[in-house]
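Visitor: Pasting a structure here, questions to come.
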Amino acid sequence: MTEAIVYTSKHGSTEAYAGMLSDRTGIPAYTLKEALKKLPSGSRIIYMGCVRADNVLDLDKAEKAFNVAAVCAVGMSKTGENTDRIRKASRISESKAVCTLQGNYHPESLKGIDRLIMKMMSKVLIKQINEKESPSEEDRMMVKLLTEGGDMVAEENLAAVLDWMKK
């Protein structure tokens, strides 16, 4: 049985998802810092973290302290997409469930290296999309998200992790 939801959040999306999942399941949610103080070593957890360059932030720290049964990666990709890429880049074993959740994005709130990375990534992605002969609606939505930002956190995005928890 999962003992806790443990998360690391940089911009609030992961914290929001952890709270929603805790509310839906009754399982307590803790920041990684809190969990390291409150939970016994080896506790079975769901780890939720934001994604940077396909890596789940602080997953390595969570795995050293706890039995991570599932990983929820929160980033810009549409919910349910890029799970294989995240699994590979973050070196997540096949025995663990991986779910991706689309988070909020507000370019004006980014600072430091995050701002630099996203500025470069946005330029590349927007250029790729604009060079397409006929961009899809999803492509247009991504350009809008990259340029204007948007709130993408939604409880229905938790469907895959809730389904996994029922197994």
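By order of appearance in the structure tokens: chains A, B, ..., then residues from 1 within every chain, and ligands from 1 in the order shown.
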Kindly assemble as CSV a list of the stretch 24-103 of chain A residues that lie within 12 Å of stretch 136-150 of chain A, each paired with its nearest atom pair and their distance in Å to one decimal, using only C-alpha atoms, sorted first by chain and then by ascending residue number.

Guide:
residue,atom,partner,partner_atom,distance
A:Met76,CA,A:Leu145,CA,8.8
A:Ser77,CA,A:Met142,CA,8.9
A:Lys78,CA,A:Met142,CA,9.2
A:Gln102,CA,A:Gly150,CA,10.6
A:Gly103,CA,A:Gly150,CA,8.8

Visitor: Excluding stretch 26-41 of chain A and its own-chain neighbours fewer than 5 positions away, which residues fall within 7 Å of it when counting only C-alpha atoms? Please give them as a PDB file with N, CA, C and O atoms, in the first residue's frame.

Guide:
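Final output, saved to around.pdb:
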ATOM      1  N   GLU A   3       2.135   4.649   1.087  1.00  0.00           N
ATOM      2  CA  GLU A   3       2.074   5.332   2.385  1.00  0.00           C
ATOM      3  C   GLU A   3       2.001   6.850   2.250  1.00  0.00           C
ATOM      4  O   GLU A   3       1.491   7.523   3.152  1.00  0.00           O
ATOM      5  N   ALA A   4       2.540   7.385   1.150  1.00  0.00           N
ATOM      6  CA  ALA A   4       2.557   8.843   1.012  1.00  0.00           C
ATOM      7  C   ALA A   4       2.765   9.244  -0.438  1.00  0.00           C
ATOM      8  O   ALA A   4       3.259   8.468  -1.255  1.00  0.00           O
ATOM      9  N   ILE A   5       2.374  10.467  -0.702  1.00  0.00           N
ATOM     10  CA  ILE A   5       2.674  11.139  -1.964  1.00  0.00           C
ATOM     11  C   ILE A   5       3.764  12.145  -1.611  1.00  0.00           C
ATOM     12  O   ILE A   5       3.593  12.960  -0.707  1.00  0.00           O
ATOM     13  N   VAL A   6       4.888  12.044  -2.288  1.00  0.00           N
ATOM     14  CA  VAL A   6       6.024  12.924  -2.010  1.00  0.00           C
ATOM     15  C   VAL A   6       6.306  13.705  -3.283  1.00  0.00           C
ATOM     16  O   VAL A   6       6.287  13.138  -4.379  1.00  0.00           O
ATOM     17  N   TYR A   7       6.564  15.001  -3.135  1.00  0.00           N
ATOM     18  CA  TYR A   7       6.730  15.817  -4.325  1.00  0.00           C
ATOM     19  C   TYR A   7       7.785  16.907  -4.157  1.00  0.00           C
ATOM     20  O   TYR A   7       8.108  17.319  -3.058  1.00  0.00           O
ATOM     21  N   THR A   8       8.279  17.343  -5.300  1.00  0.00           N
ATOM     22  CA  THR A   8       9.127  18.527  -5.400  1.00  0.00           C
ATOM     23  C   THR A   8       8.477  19.412  -6.454  1.00  0.00           C
ATOM     24  O   THR A   8       8.202  18.960  -7.558  1.00  0.00           O
ATOM     25  N   ALA A  18      -0.225  17.116  -6.370  1.00  0.00           N
ATOM     26  CA  ALA A  18      -0.058  16.312  -5.156  1.00  0.00           C
ATOM     27  C   ALA A  18      -1.241  16.537  -4.211  1.00  0.00           C
ATOM     28  O   ALA A  18      -1.763  15.579  -3.623  1.00  0.00           O
ATOM     29  N   GLY A  19      -1.672  17.776  -4.083  1.00  0.00           N
ATOM     30  CA  GLY A  19      -2.827  18.081  -3.240  1.00  0.00           C
ATOM     31  C   GLY A  19      -4.098  17.438  -3.758  1.00  0.00           C
ATOM     32  O   GLY A  19      -4.898  16.879  -2.986  1.00  0.00           O
ATOM     33  N   ALA A  65      15.931   7.433  -0.443  1.00  0.00           N
ATOM     34  CA  ALA A  65      15.294   7.391   0.873  1.00  0.00           C
ATOM     35  C   ALA A  65      14.064   6.483   0.941  1.00  0.00           C
ATOM     36  O   ALA A  65      13.760   5.946   2.003  1.00  0.00           O
ATOM     37  N   PHE A  66      13.379   6.308  -0.173  1.00  0.00           N
ATOM     38  CA  PHE A  66      12.088   5.638  -0.141  1.00  0.00           C
ATOM     39  C   PHE A  66      11.966   4.569  -1.224  1.00  0.00           C
ATOM     40  O   PHE A  66      12.742   4.526  -2.169  1.00  0.00           O
TER      41      PHE A  66
END

Visitor: Excluding stretch 47-53 of chain A and residues on its chain fewer than 6 positions from it, collect all residues at most 9 Å away from it, counting only C-alpha atoms, and give them as an NGL selection string.

Guide: :A and (4-11 or 13-15 or 17-18 or 32 or 59 or 62-63 or 68-76 or 86 or 89 or 103 or 114 or 117)

Visitor: One number please: atom CA of A:Leu110 to atom CA of A:Ile92, in Å, one decimal.

Guide: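 Interatomic distance, atom CA of A:Leu110 to atom CA of A:Ile92: 27.3 Å.
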
Visitor: Pick from A:Asn104, A:Lys111, A:Glu156, A:Asn55: nearest to A:Arg85, with only C-alpha atoms counted?

Guide: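 For A:Arg85, the nearest of the given residues is A:Asn55.
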
Visitor: I need the alpha helix (DSSP H) residues of chain A per DSSP on the backbone, written as a JSON list (two decimals) with N, CA and C atoms, in the first residue's frame.

Guide:
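Output contents, as saved in result37.json:
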[["chain", "number", "residue", "atom", "x", "y", "z"],
["A", 13, "SER", "N", 2.77, 23.67, -9.99],
["A", 13, "SER", "CA", 1.93, 22.67, -10.64],
["A", 13, "SER", "C", 2.00, 21.32, -9.93],
["A", 14, "THR", "N", 3.19, 20.89, -9.59],
["A", 14, "THR", "CA", 3.34, 19.58, -8.94],
["A", 14, "THR", "C", 2.69, 19.60, -7.57],
["A", 15, "GLU", "N", 2.85, 20.69, -6.85],
["A", 15, "GLU", "CA", 2.20, 20.83, -5.55],
["A", 15, "GLU", "C", 0.68, 20.74, -5.70],
["A", 16, "ALA", "N", 0.14, 21.38, -6.72],
["A", 16, "ALA", "CA", -1.30, 21.34, -6.97],
["A", 16, "ALA", "C", -1.76, 19.91, -7.25],
["A", 17, "TYR", "N", -1.03, 19.19, -8.11],
["A", 17, "TYR", "CA", -1.39, 17.80, -8.42],
["A", 17, "TYR", "C", -1.27, 16.92, -7.17],
["A", 18, "ALA", "N", -0.22, 17.12, -6.37],
["A", 18, "ALA", "CA", -0.06, 16.31, -5.16],
["A", 18, "ALA", "C", -1.24, 16.54, -4.21],
["A", 19, "GLY", "N", -1.67, 17.78, -4.08],
["A", 19, "GLY", "CA", -2.83, 18.08, -3.24],
["A", 19, "GLY", "C", -4.10, 17.44, -3.76],
["A", 20, "MET", "N", -4.30, 17.50, -5.07],
["A", 20, "MET", "CA", -5.50, 16.88, -5.68],
["A", 20, "MET", "C", -5.49, 15.37, -5.46],
["A", 21, "LEU", "N", -4.32, 14.75, -5.68],
["A", 21, "LEU", "CA", -4.22, 13.30, -5.53],
["A", 21, "LEU", "C", -4.43, 12.90, -4.07],
["A", 22, "SER", "N", -3.89, 13.68, -3.16],
["A", 22, "SER", "CA", -4.09, 13.43, -1.73],
["A", 22, "SER", "C", -5.57, 13.55, -1.37],
["A", 23, "ASP", "N", -6.23, 14.58, -1.88],
["A", 23, "ASP", "CA", -7.66, 14.77, -1.61],
["A", 23, "ASP", "C", -8.49, 13.61, -2.14],
["A", 24, "ARG", "N", -8.14, 13.12, -3.33],
["A", 24, "ARG", "CA", -8.90, 12.03, -3.96],
["A", 24, "ARG", "C", -8.69, 10.68, -3.27],
["A", 25, "THR", "N", -7.48, 10.48, -2.71],
["A", 25, "THR", "CA", -7.13, 9.15, -2.19],
["A", 25, "THR", "C", -7.06, 9.07, -0.67],
["A", 32, "LEU", "N", 9.33, 16.77, -0.50],
["A", 32, "LEU", "CA", 10.44, 15.84, -0.28],
["A", 32, "LEU", "C", 11.15, 16.19, 1.03],
["A", 33, "LYS", "N", 11.34, 17.46, 1.27],
["A", 33, "LYS", "CA", 12.01, 17.91, 2.50],
["A", 33, "LYS", "C", 11.24, 17.45, 3.74],
["A", 34, "GLU", "N", 9.91, 17.60, 3.72],
["A", 34, "GLU", "CA", 9.08, 17.16, 4.85],
["A", 34, "GLU", "C", 9.13, 15.64, 5.00],
["A", 35, "ALA", "N", 9.03, 14.93, 3.86],
["A", 35, "ALA", "CA", 9.01, 13.47, 3.88],
["A", 35, "ALA", "C", 10.30, 12.89, 4.46],
["A", 36, "LEU", "N", 11.41, 13.51, 4.15],
["A", 36, "LEU", "CA", 12.69, 13.02, 4.68],
["A", 36, "LEU", "C", 12.73, 13.09, 6.20],
["A", 37, "LYS", "N", 11.97, 14.00, 6.78],
["A", 37, "LYS", "CA", 11.91, 14.14, 8.24],
["A", 37, "LYS", "C", 10.82, 13.26, 8.86],
["A", 38, "LYS", "N", 9.70, 13.06, 8.15],
["A", 38, "LYS", "CA", 8.52, 12.43, 8.73],
["A", 38, "LYS", "C", 8.37, 10.94, 8.43],
["A", 59, "LEU", "N", 14.22, 13.10, -8.25],
["A", 59, "LEU", "CA", 13.82, 11.69, -8.18],
["A", 59, "LEU", "C", 14.92, 10.86, -7.54],
["A", 60, "ASP", "N", 16.17, 11.15, -7.87],
["A", 60, "ASP", "CA", 17.29, 10.40, -7.29],
["A", 60, "ASP", "C", 17.30, 10.48, -5.76],
["A", 61, "LYS", "N", 17.01, 11.64, -5.21],
["A", 61, "LYS", "CA", 16.97, 11.82, -3.75],
["A", 61, "LYS", "C", 15.83, 11.01, -3.14],
["A", 62, "ALA", "N", 14.68, 11.04, -3.80],
["A", 62, "ALA", "CA", 13.53, 10.27, -3.31],
["A", 62, "ALA", "C", 13.83, 8.77, -3.34],
["A", 63, "GLU", "N", 14.47, 8.32, -4.41],
["A", 63, "GLU", "CA", 14.77, 6.88, -4.54],
["A", 63, "GLU", "C", 15.80, 6.41, -3.51],
["A", 64, "LYS", "N", 16.69, 7.29, -3.08],
["A", 64, "LYS", "CA", 17.67, 6.90, -2.06],
["A", 64, "LYS", "C", 17.00, 6.70, -0.70],
["A", 65, "ALA", "N", 15.93, 7.43, -0.44],
["A", 65, "ALA", "CA", 15.29, 7.39, 0.87],
["A", 65, "ALA", "C", 14.06, 6.48, 0.94],
["A", 83, "THR", "N", 6.11, 9.42, -21.92],
["A", 83, "THR", "CA", 6.47, 8.60, -20.77],
["A", 83, "THR", "C", 7.73, 7.78, -21.02],
["A", 84, "ASP", "N", 7.90, 7.24, -22.21],
["A", 84, "ASP", "CA", 9.10, 6.45, -22.50],
["A", 84, "ASP", "C", 10.36, 7.32, -22.45],
["A", 85, "ARG", "N", 10.27, 8.52, -22.99],
["A", 85, "ARG", "CA", 11.41, 9.44, -22.99],
["A", 85, "ARG", "C", 11.78, 9.84, -21.56],
["A", 86, "ILE", "N", 10.78, 10.12, -20.74],
["A", 86, "ILE", "CA", 11.02, 10.47, -19.33],
["A", 86, "ILE", "C", 11.63, 9.28, -18.60],
["A", 87, "ARG", "N", 11.06, 8.09, -18.82],
["A", 87, "ARG", "CA", 11.57, 6.87, -18.16],
["A", 87, "ARG", "C", 13.04, 6.67, -18.49],
["A", 88, "LYS", "N", 13.39, 6.81, -19.76],
["A", 88, "LYS", "CA", 14.77, 6.59, -20.19],
["A", 88, "LYS", "C", 15.72, 7.66, -19.62],
["A", 89, "ALA", "N", 15.38, 8.93, -19.78],
["A", 89, "ALA", "CA", 16.26, 10.01, -19.33],
["A", 89, "ALA", "C", 16.44, 10.01, -17.82],
["A", 112, "GLY", "N", 16.49, 32.75, -13.88],
["A", 112, "GLY", "CA", 17.76, 32.05, -13.98],
["A", 112, "GLY", "C", 17.84, 31.06, -15.12],
["A", 113, "ILE", "N", 18.36, 29.88, -14.80],
["A", 113, "ILE", "CA", 18.60, 28.84, -15.80],
["A", 113, "ILE", "C", 17.29, 28.36, -16.41],
["A", 114, "ASP", "N", 16.22, 28.30, -15.62],
["A", 114, "ASP", "CA", 14.92, 27.87, -16.15],
["A", 114, "ASP", "C", 14.46, 28.81, -17.26],
["A", 115, "ARG", "N", 14.63, 30.10, -17.04],
["A", 115, "ARG", "CA", 14.23, 31.10, -18.04],
["A", 115, "ARG", "C", 15.05, 30.94, -19.33],
["A", 116, "LEU", "N", 16.35, 30.74, -19.16],
["A", 116, "LEU", "CA", 17.24, 30.58, -20.31],
["A", 116, "LEU", "C", 16.90, 29.31, -21.10],
["A", 117, "ILE", "N", 16.74, 28.21, -20.40],
["A", 117, "ILE", "CA", 16.42, 26.94, -21.06],
["A", 117, "ILE", "C", 15.11, 27.04, -21.83],
["A", 118, "MET", "N", 14.09, 27.59, -21.17],
["A", 118, "MET", "CA", 12.78, 27.66, -21.82],
["A", 118, "MET", "C", 12.76, 28.66, -22.97],
["A", 119, "LYS", "N", 13.53, 29.71, -22.87],
["A", 119, "LYS", "CA", 13.61, 30.67, -23.98],
["A", 119, "LYS", "C", 14.19, 29.99, -25.21],
["A", 120, "MET", "N", 15.27, 29.24, -25.02],
["A", 120, "MET", "CA", 15.90, 28.53, -26.14],
["A", 120, "MET", "C", 14.98, 27.44, -26.68],
["A", 121, "MET", "N", 14.40, 26.66, -25.77],
["A", 121, "MET", "CA", 13.53, 25.57, -26.18],
["A", 121, "MET", "C", 12.30, 26.10, -26.93],
["A", 122, "SER", "N", 11.74, 27.19, -26.43],
["A", 122, "SER", "CA", 10.57, 27.78, -27.08],
["A", 122, "SER", "C", 10.87, 28.20, -28.50],
["A", 123, "LYS", "N", 12.00, 28.87, -28.70],
["A", 123, "LYS", "CA", 12.38, 29.30, -30.04],
["A", 123, "LYS", "C", 12.48, 28.12, -31.00],
["A", 124, "VAL", "N", 13.13, 27.05, -30.55],
["A", 124, "VAL", "CA", 13.30, 25.87, -31.40],
["A", 124, "VAL", "C", 11.95, 25.24, -31.72],
["A", 125, "LEU", "N", 11.12, 25.03, -30.69],
["A", 125, "LEU", "CA", 9.82, 24.39, -30.92],
["A", 125, "LEU", "C", 8.90, 25.23, -31.80],
["A", 126, "ILE", "N", 8.86, 26.52, -31.55],
["A", 126, "ILE", "CA", 8.01, 27.40, -32.35],
["A", 126, "ILE", "C", 8.47, 27.40, -33.80],
["A", 127, "LYS", "N", 9.78, 27.42, -34.01],
["A", 127, "LYS", "CA", 10.32, 27.38, -35.38],
["A", 127, "LYS", "C", 9.93, 26.08, -36.07],
["A", 128, "GLN", "N", 10.08, 24.95, -35.37],
["A", 128, "GLN", "CA", 9.72, 23.65, -35.94],
["A", 128, "GLN", "C", 8.23, 23.61, -36.31],
["A", 129, "ILE", "N", 7.40, 24.11, -35.45],
["A", 129, "ILE", "CA", 5.96, 24.11, -35.71],
["A", 129, "ILE", "C", 5.63, 25.02, -36.88],
["A", 130, "ASN", "N", 6.22, 26.21, -36.91],
["A", 130, "ASN", "CA", 5.94, 27.16, -37.98],
["A", 130, "ASN", "C", 6.44, 26.69, -39.34],
["A", 137, "GLU", "N", -3.96, 21.43, -34.68],
["A", 137, "GLU", "CA", -4.54, 22.24, -33.61],
["A", 137, "GLU", "C", -3.68, 22.12, -32.35],
["A", 138, "GLU", "N", -3.17, 20.93, -32.10],
["A", 138, "GLU", "CA", -2.28, 20.71, -30.96],
["A", 138, "GLU", "C", -1.00, 21.54, -31.09],
["A", 139, "ASP", "N", -0.46, 21.63, -32.30],
["A", 139, "ASP", "CA", 0.72, 22.47, -32.55],
["A", 139, "ASP", "C", 0.42, 23.93, -32.24],
["A", 140, "ARG", "N", -0.73, 24.39, -32.69],
["A", 140, "ARG", "CA", -1.11, 25.79, -32.45],
["A", 140, "ARG", "C", -1.31, 26.06, -30.96],
["A", 141, "MET", "N", -1.86, 25.08, -30.26],
["A", 141, "MET", "CA", -2.03, 25.22, -28.81],
["A", 141, "MET", "C", -0.68, 25.29, -28.10],
["A", 142, "MET", "N", 0.30, 24.51, -28.58],
["A", 142, "MET", "CA", 1.63, 24.53, -27.98],
["A", 142, "MET", "C", 2.30, 25.88, -28.21],
["A", 143, "VAL", "N", 2.17, 26.44, -29.40],
["A", 143, "VAL", "CA", 2.74, 27.77, -29.68],
["A", 143, "VAL", "C", 2.11, 28.80, -28.75],
["A", 144, "LYS", "N", 0.81, 28.72, -28.59],
["A", 144, "LYS", "CA", 0.12, 29.66, -27.70],
["A", 144, "LYS", "C", 0.61, 29.50, -26.26],
["A", 145, "LEU", "N", 0.76, 28.26, -25.81],
["A", 145, "LEU", "CA", 1.25, 28.01, -24.46],
["A", 145, "LEU", "C", 2.67, 28.55, -24.28],
["A", 146, "LEU", "N", 3.52, 28.31, -25.27],
["A", 146, "LEU", "CA", 4.91, 28.77, -25.18],
["A", 146, "LEU", "C", 5.03, 30.29, -25.20],
["A", 147, "THR", "N", 4.17, 30.95, -25.93],
["A", 147, "THR", "CA", 4.28, 32.41, -26.05],
["A", 147, "THR", "C", 3.48, 33.16, -24.99],
["A", 148, "GLU", "N", 2.31, 32.64, -24.64],
["A", 148, "GLU", "CA", 1.44, 33.35, -23.72],
["A", 148, "GLU", "C", 1.36, 32.72, -22.33],
["A", 159, "ALA", "N", -6.08, 10.78, -14.06],
["A", 159, "ALA", "CA", -6.77, 9.51, -14.35],
["A", 159, "ALA", "C", -5.81, 8.32, -14.41],
["A", 160, "ALA", "N", -4.67, 8.46, -15.08],
["A", 160, "ALA", "CA", -3.75, 7.33, -15.23],
["A", 160, "ALA", "C", -3.16, 6.90, -13.89],
["A", 161, "VAL", "N", -2.77, 7.84, -13.07],
["A", 161, "VAL", "CA", -2.20, 7.46, -11.77],
["A", 161, "VAL", "C", -3.28, 6.89, -10.85],
["A", 162, "LEU", "N", -4.49, 7.41, -10.93],
["A", 162, "LEU", "CA", -5.60, 6.84, -10.13],
["A", 162, "LEU", "C", -5.91, 5.42, -10.59],
["A", 163, "ASP", "N", -5.88, 5.17, -11.90],
["A", 163, "ASP", "CA", -6.10, 3.83, -12.42],
["A", 163, "ASP", "C", -5.00, 2.88, -11.93],
["A", 164, "TRP", "N", -3.74, 3.34, -11.97],
["A", 164, "TRP", "CA", -2.63, 2.51, -11.50],
["A", 164, "TRP", "C", -2.82, 2.16, -10.02],
["A", 165, "MET", "N", -3.28, 3.12, -9.23],
["A", 165, "MET", "CA", -3.44, 2.89, -7.80],
["A", 165, "MET", "C", -4.52, 1.84, -7.50],
["A", 166, "LYS", "N", -5.47, 1.67, -8.40],
["A", 166, "LYS", "CA", -6.54, 0.67, -8.20],
["A", 166, "LYS", "C", -6.04, -0.75, -8.43]]
